[in-house]
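structure35.txt follows; it contains compact mmCIF, C-alpha atoms.
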# COMPACT_ATOMS: atom_id res chain seq x y z
CA ALA A 421 -13.16 1.42 11.08
CA GLN A 422 -9.68 0.00 10.77
CA LYS A 423 -6.62 1.65 12.23
CA ILE A 424 -2.94 0.76 12.05
CA THR A 425 -0.41 2.30 14.42
CA GLN A 426 3.33 2.21 13.89
CA THR A 427 4.92 3.98 16.83
CA GLN A 428 8.51 4.01 15.58
CA PRO A 429 9.11 6.73 12.99
CA GLY A 430 12.73 5.66 12.67
CA MET A 431 14.83 2.68 13.71
CA PHE A 432 18.53 1.87 13.50
CA VAL A 433 20.08 -1.58 13.49
CA GLN A 434 23.58 -2.88 13.08
CA GLU A 435 24.24 -5.03 10.04
CA LYS A 436 23.70 -8.76 10.74
CA GLU A 437 21.59 -8.09 13.82
CA ALA A 438 17.86 -8.69 14.15
CA VAL A 439 15.33 -5.88 14.40
CA THR A 440 11.65 -5.71 15.31
CA LEU A 441 9.33 -3.16 13.78
CA ASP A 442 6.19 -2.60 15.81
CA CYS A 443 2.64 -2.57 14.51
CA THR A 444 -0.63 -2.52 16.39
CA TYR A 445 -4.03 -2.54 14.82
CA ASP A 446 -7.64 -1.95 15.66
CA THR A 447 -10.63 -3.43 13.92
CA SER A 448 -14.07 -4.75 14.73
CA ASP A 449 -13.99 -7.21 11.84
CA PRO A 450 -13.72 -10.86 12.86
CA SER A 451 -11.69 -11.79 9.80
CA TYR A 452 -8.82 -9.76 8.43
CA GLY A 453 -5.37 -9.91 6.93
CA LEU A 454 -2.20 -8.21 8.07
CA PHE A 455 0.62 -7.25 5.72
CA TRP A 456 4.02 -5.68 5.67
CA TYR A 457 5.38 -3.76 2.70
CA LYS A 458 8.84 -2.35 2.07
CA GLN A 459 9.48 0.92 0.26
CA PRO A 460 13.15 1.49 -0.61
CA SER A 461 14.43 4.94 -1.50
CA SER A 462 13.73 4.13 -5.16
CA GLY A 463 10.04 4.40 -4.30
CA GLU A 464 8.46 1.10 -5.28
CA MET A 465 6.25 -0.78 -2.85
CA ILE A 466 7.21 -4.39 -2.24
CA PHE A 467 5.02 -6.94 -0.48
CA LEU A 468 6.94 -8.81 2.24
CA ILE A 469 4.67 -10.99 4.33
CA TYR A 470 1.03 -11.81 5.09
CA GLN A 471 -0.76 -13.09 8.21
CA GLY A 472 -4.39 -14.10 8.25
CA SER A 473 -6.32 -13.44 11.43
CA TYR A 474 -7.24 -17.11 11.79
CA ASP A 475 -3.77 -18.44 11.05
CA GLN A 476 -2.52 -20.41 14.02
CA GLN A 477 1.14 -20.05 13.21
CA ASN A 478 3.18 -16.92 12.71
CA ALA A 479 4.02 -16.22 9.09
CA THR A 480 7.61 -16.48 7.91
CA GLU A 481 9.21 -15.57 4.59
CA GLY A 482 12.95 -16.02 4.47
CA ARG A 483 14.50 -13.51 6.87
CA TYR A 484 11.11 -11.95 7.61
CA SER A 485 8.74 -13.22 10.26
CA LEU A 486 5.57 -11.75 11.61
CA ASN A 487 5.07 -11.92 15.37
CA PHE A 488 1.27 -12.07 15.52
CA GLN A 489 -0.34 -11.62 18.93
CA LYS A 490 -4.05 -11.50 18.30
CA ALA A 491 -5.14 -10.74 21.86
CA ARG A 492 -2.81 -7.77 21.96
CA LYS A 493 -3.70 -6.78 18.39
CA SER A 494 -0.10 -6.59 17.37
CA ALA A 495 1.65 -7.75 14.21
CA ASN A 496 5.31 -6.93 14.58
CA LEU A 497 7.76 -7.56 11.75
CA VAL A 498 11.03 -9.23 12.67
CA ILE A 499 13.92 -9.01 10.25
CA SER A 500 16.76 -11.35 11.08
CA ALA A 501 20.39 -10.89 10.01
CA SER A 502 19.86 -7.34 8.74
CA GLN A 503 21.50 -6.36 5.49
CA LEU A 504 22.37 -2.93 4.14
CA GLY A 505 19.72 -3.43 1.48
CA ASP A 506 17.07 -3.64 4.20
CA SER A 507 17.35 0.11 4.72
CA ALA A 508 13.95 1.36 3.64
CA MET A 509 10.57 2.49 4.87
CA TYR A 510 8.33 -0.30 6.14
CA PHE A 511 4.55 -0.14 6.19
CA CYS A 512 2.19 -2.30 8.16
CA ALA A 513 -1.27 -2.68 6.60
CA MET A 514 -4.49 -4.55 7.14
CA SER A 515 -7.49 -5.44 5.07
CA SER A 516 -10.80 -6.88 6.05
CA THR A 517 -12.42 -9.88 4.42
CA ASN A 518 -15.92 -8.49 4.77
CA THR A 519 -18.14 -6.80 2.18
CA ASN A 520 -15.81 -3.84 2.03
CA ALA A 521 -13.02 -6.16 1.03
CA GLY A 522 -10.28 -4.61 -1.01
CA LYS A 523 -9.60 -1.67 1.25
CA SER A 524 -6.15 -1.84 2.80
CA THR A 525 -5.41 0.59 5.61
CA PHE A 526 -1.76 1.54 6.05
CA GLY A 527 0.23 2.71 9.05
CA ASP A 528 2.42 5.79 8.86
CA GLY A 529 5.54 3.74 8.27
CA THR A 530 8.87 3.14 10.00
CA THR A 531 12.14 4.16 8.40
CA LEU A 532 14.77 1.50 9.02
CA THR A 533 18.45 2.31 8.66
CA VAL A 534 20.94 -0.53 8.69
CA LYS A 535 24.41 0.55 9.81
CA PRO A 536 27.53 -1.20 8.46
CA ASP B 211 7.21 -8.14 -18.05
CA THR B 212 5.96 -5.58 -15.56
CA ALA B 213 3.01 -6.88 -13.55
CA VAL B 214 1.47 -3.49 -12.77
CA SER B 215 2.59 -0.63 -14.95
CA GLN B 216 1.58 2.98 -14.76
CA THR B 217 2.36 5.93 -16.99
CA PRO B 218 3.70 8.48 -16.80
CA LYS B 219 6.21 8.00 -13.98
CA TYR B 220 6.74 11.72 -13.64
CA LEU B 221 4.33 14.52 -14.33
CA VAL B 222 5.02 18.22 -13.84
CA THR B 223 2.20 20.60 -14.63
CA GLN B 224 0.70 23.97 -13.81
CA MET B 225 -2.18 24.62 -11.45
CA GLY B 226 -5.53 24.46 -13.16
CA ASN B 227 -4.49 21.92 -15.78
CA ASP B 228 -6.11 18.53 -16.32
CA LYS B 229 -3.98 15.38 -16.36
CA SER B 230 -4.40 11.62 -16.54
CA ILE B 231 -2.43 8.68 -15.21
CA LYS B 232 -2.88 5.27 -16.78
CA CYS B 233 -2.51 1.88 -15.14
CA GLU B 234 -2.48 -1.62 -16.53
CA GLN B 235 -2.01 -4.99 -14.84
CA ASN B 236 -1.25 -8.30 -16.53
CA LEU B 237 -1.76 -10.47 -13.44
CA GLY B 238 -5.35 -11.40 -14.20
CA HIS B 239 -6.48 -9.73 -10.98
CA ASP B 240 -10.06 -8.61 -10.54
CA THR B 241 -9.47 -5.66 -8.22
CA MET B 242 -7.52 -2.48 -8.90
CA TYR B 243 -6.83 0.56 -6.75
CA TRP B 244 -5.49 4.05 -6.66
CA TYR B 245 -3.51 5.09 -3.60
CA LYS B 246 -2.06 8.51 -2.86
CA GLN B 247 1.23 8.94 -0.99
CA ASP B 248 1.80 12.46 0.23
CA SER B 249 5.05 14.24 1.03
CA LYS B 250 5.06 12.73 4.54
CA LYS B 251 4.83 9.26 2.98
CA PHE B 252 1.32 8.65 4.27
CA LEU B 253 -0.52 6.18 2.05
CA LYS B 254 -4.25 6.52 1.62
CA ILE B 255 -6.65 4.67 -0.59
CA MET B 256 -8.60 6.75 -3.08
CA PHE B 257 -10.55 4.33 -5.23
CA SER B 258 -11.03 0.64 -5.76
CA TYR B 259 -12.60 -1.18 -8.70
CA ASN B 260 -13.61 -4.81 -8.85
CA ASN B 261 -14.11 -6.12 -12.37
CA LYS B 262 -14.80 -2.60 -13.71
CA GLU B 263 -17.23 -1.77 -10.91
CA LEU B 264 -16.42 0.99 -8.41
CA ILE B 265 -16.45 -0.51 -4.91
CA ILE B 266 -14.51 2.01 -2.85
CA ASN B 267 -14.65 5.75 -3.23
CA GLU B 268 -13.02 7.49 -0.30
CA THR B 269 -13.54 11.15 0.43
CA VAL B 270 -11.73 12.37 -2.61
CA PRO B 271 -12.59 15.67 -4.36
CA ASN B 272 -14.74 15.08 -7.41
CA ARG B 273 -11.97 16.62 -9.50
CA PHE B 274 -10.57 13.08 -9.37
CA SER B 275 -12.36 10.67 -11.65
CA PRO B 276 -11.29 7.07 -12.08
CA LYS B 277 -12.22 5.04 -15.13
CA SER B 278 -11.91 1.31 -15.65
CA PRO B 279 -12.51 0.33 -19.29
CA ASP B 280 -11.83 -3.32 -18.42
CA LYS B 281 -10.57 -5.21 -15.41
CA ALA B 282 -6.95 -4.93 -16.51
CA HIS B 283 -6.98 -1.14 -16.73
CA LEU B 284 -7.69 1.63 -14.26
CA ASN B 285 -7.03 5.22 -15.20
CA LEU B 286 -7.12 8.33 -13.06
CA HIS B 287 -8.12 11.69 -14.45
CA ILE B 288 -7.60 14.84 -12.42
CA ASN B 289 -9.27 18.13 -13.34
CA SER B 290 -8.25 21.61 -12.29
CA LEU B 291 -5.07 20.52 -10.56
CA GLU B 292 -4.17 22.19 -7.26
CA LEU B 293 -0.87 22.51 -5.41
CA GLY B 294 -2.09 20.03 -2.80
CA ASP B 295 -2.50 17.35 -5.45
CA SER B 296 1.28 17.03 -5.64
CA ALA B 297 2.02 13.49 -4.48
CA VAL B 298 2.99 10.06 -5.68
CA TYR B 299 0.00 8.13 -7.00
CA PHE B 300 0.24 4.37 -6.84
CA CYS B 301 -1.85 1.99 -8.82
CA ALA B 302 -2.22 -1.49 -7.33
CA SER B 303 -4.08 -4.70 -7.97
CA SER B 304 -5.11 -7.71 -5.94
CA LEU B 305 -6.81 -11.03 -6.46
CA TRP B 306 -10.51 -11.18 -5.65
CA ALA B 307 -11.24 -14.66 -4.28
CA GLY B 308 -14.88 -15.65 -3.89
CA GLY B 309 -16.12 -12.43 -2.37
CA ALA B 310 -13.21 -12.01 -0.02
CA ASP B 311 -10.19 -10.10 -1.17
CA THR B 312 -6.96 -11.86 -0.25
CA GLY B 313 -5.61 -8.38 0.28
CA GLU B 314 -2.04 -8.68 -0.95
CA LEU B 315 -1.39 -5.68 -3.12
CA PHE B 316 0.81 -5.61 -6.18
CA PHE B 317 1.89 -2.03 -6.75
CA GLY B 318 2.94 -0.15 -9.81
CA GLU B 319 6.08 1.96 -9.65
CA GLY B 320 4.17 5.11 -8.80
CA SER B 321 3.55 8.32 -10.70
CA ARG B 322 5.07 11.41 -9.15
CA LEU B 323 2.84 14.40 -9.82
CA THR B 324 4.21 17.88 -9.19
CA VAL B 325 1.83 20.80 -9.50
CA LEU B 326 3.50 24.22 -9.83

Translate the structure of the given file into structure tokens.
Amino acid sequence: AQKITQTQPGMFVQEKEAVTLDCTYDTSDPSYGLFWYKQPSSGEMIFLIYQGSYDQQNATEGRYSLNFQKARKSANLVISASQLGDSAMYFCAMSSTNTNAGKSTFGDGTTLTVKP
Amino acid sequence: DTAVSQTPKYLVTQMGNDKSIKCEQNLGHDTMYWYKQDSKKFLKIMFSYNNKELIINETVPNRFSPKSPDKAHLNLHINSLELGDSAVYFCASSLWAGGADTGELFFGEGSRLTVL
């Protein structure tokens, strides 16, 4: 069974500073994908970044980077140069590339508030 | 052009009624899902279809019945609605690549169901 743990229910960051949102995972599958999604107050779910379990390098997408530490089973999201529009709920998720592919398991989310 | 669209966006109904939510994707994806987000923002998968075939059916009451007439459409019918069914229901799709799902989910805007 897959499990995602996000230990920070809420985080605050000053505008223009960097922030790290924590995510740890547990799985027995040898091959899997890790994702981060953003949910603003308007409610839509927006894909941010993906990391494959066999990827050697950490994923980056603009101001988002994923700090992947496989041995520690962590996949933290780093947002650099925070903007007011980054205030939202952030979900870490994983999916397995085995026969039960297609099932993404989500963490409970972290609410990020960016202060001006 | 909305990639994943679901209707209606808002649904208010009485206990005991039957309601449906429709979802369509124009991304050419093979896999579609229904996720439920409760009042605490927890996201849980309900169903997944790959090319019209049911591949994931989590422990969901059988009052919930998904239907996929073709791979671009996945509808959700709910019978005998209960107060606890109040939630936001998200439709999503992803690309199925050679037996392994790439995992990235494209979400619809969500359908907020309120049962009175």

Chain B residues within 12 Å of chain A, counting all atoms listed in the file: which ones, as a ChimeraX atom specification? /B:214-216,219,239-260,264-268,298-322

Just how far from CA of Tyr445 (chain A) is CA of Val433 (chain A), in Å to one decimal?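 About the pair CA of Val433 (chain A) and CA of Tyr445 (chain A): they are 24.2 Å apart.
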
Using only C-alpha atoms, which protein or nucleic acid residues come within 12 Å of Val439 (chain A)? Drop anything in the same chain fewer than 5 positions from it, and give the result as a PyMOL selection string. chain A and resi 430-434+483-487+496-503+506-507+530+532-534

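Between CA of Thr212 (chain B) and CA of Ala282 (chain B) there is a distance of 13.0 Å.
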
Give, as AutoDock Vina command-line options, the centre coordinates and the x, y and z edge lengths in Å to one decimal for an axis-aligned box around all listed atoms of region 313-319 of chain B, padded by 3 Å on each side.
--center_x 0.2 --center_y -3.4 --center_z -4.8 --size_x 17.7 --size_y 16.6 --size_z 16.1

Nearby residues (only C-alpha atoms) at most 8 Å from Asp442 (chain A), same-chain spacing under 3 positions excluded, as a short mmCIF file (atom, residue, chain, number, x, y, z; two decimals) with C-alpha atoms, in the coordinates of the input:
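And here is the file that came out, out11.cif:
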data_model
loop_
_atom_site.label_atom_id
_atom_site.label_comp_id
_atom_site.auth_asym_id
_atom_site.auth_seq_id
_atom_site.Cartn_x
_atom_site.Cartn_y
_atom_site.Cartn_z
CA GLN A 426 3.33 2.21 13.89
CA THR A 427 4.92 3.98 16.83
CA GLN A 428 8.51 4.01 15.58
CA SER A 494 -0.10 -6.59 17.37
CA ALA A 495 1.65 -7.75 14.21
CA ASN A 496 5.31 -6.93 14.58
CA LEU A 497 7.76 -7.56 11.75
#

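Going from CA of Gln471 (chain A) to CA of Glu435 (chain A) covers 26.3 Å.
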
Expected answer as a list in words: all residues with atoms within 9 Å of (-14.8, 14.7, -13.8), only C-alpha atoms: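 Here the neighbourhood of the point contains Asn272, Arg273, Phe274, Ser275, Pro276, His287, Ile288 and Asn289 of chain B.
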
Neighbours of Thr447 (chain A) within 7 Å (all atoms listed in the file; same-chain residues fewer than 2 positions away dropped), as a list in words?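 In the requested form, the answer reads Ala421, Gln422, Lys423, Tyr445 and Asp449 of chain A.
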
So which residues fall inside 6 Å of (-1.4, 25.8, -11.0) if we count all atoms listed in the file? Mind giving them as a PDB file with C-alpha atoms, in the frame of the given file?
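File written: point03.pdb
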ATOM      1  CA  GLN B 224       0.700  23.970 -13.810  1.00  0.00           C
ATOM      2  CA  MET B 225      -2.180  24.620 -11.450  1.00  0.00           C
ATOM      3  CA  GLY B 226      -5.530  24.460 -13.160  1.00  0.00           C
ATOM      4  CA  GLU B 292      -4.170  22.190  -7.260  1.00  0.00           C
ATOM      5  CA  LEU B 326       3.500  24.220  -9.830  1.00  0.00           C
TER       6      LEU B 326
END

Return the single residue from A:Ala479, A:Leu504, A:Ala491, A:Leu441 that is closest to Pro429 (chain A), with distances computed using only C-alpha atoms.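 So, comparing all the options, the nearest one is A:Leu441.
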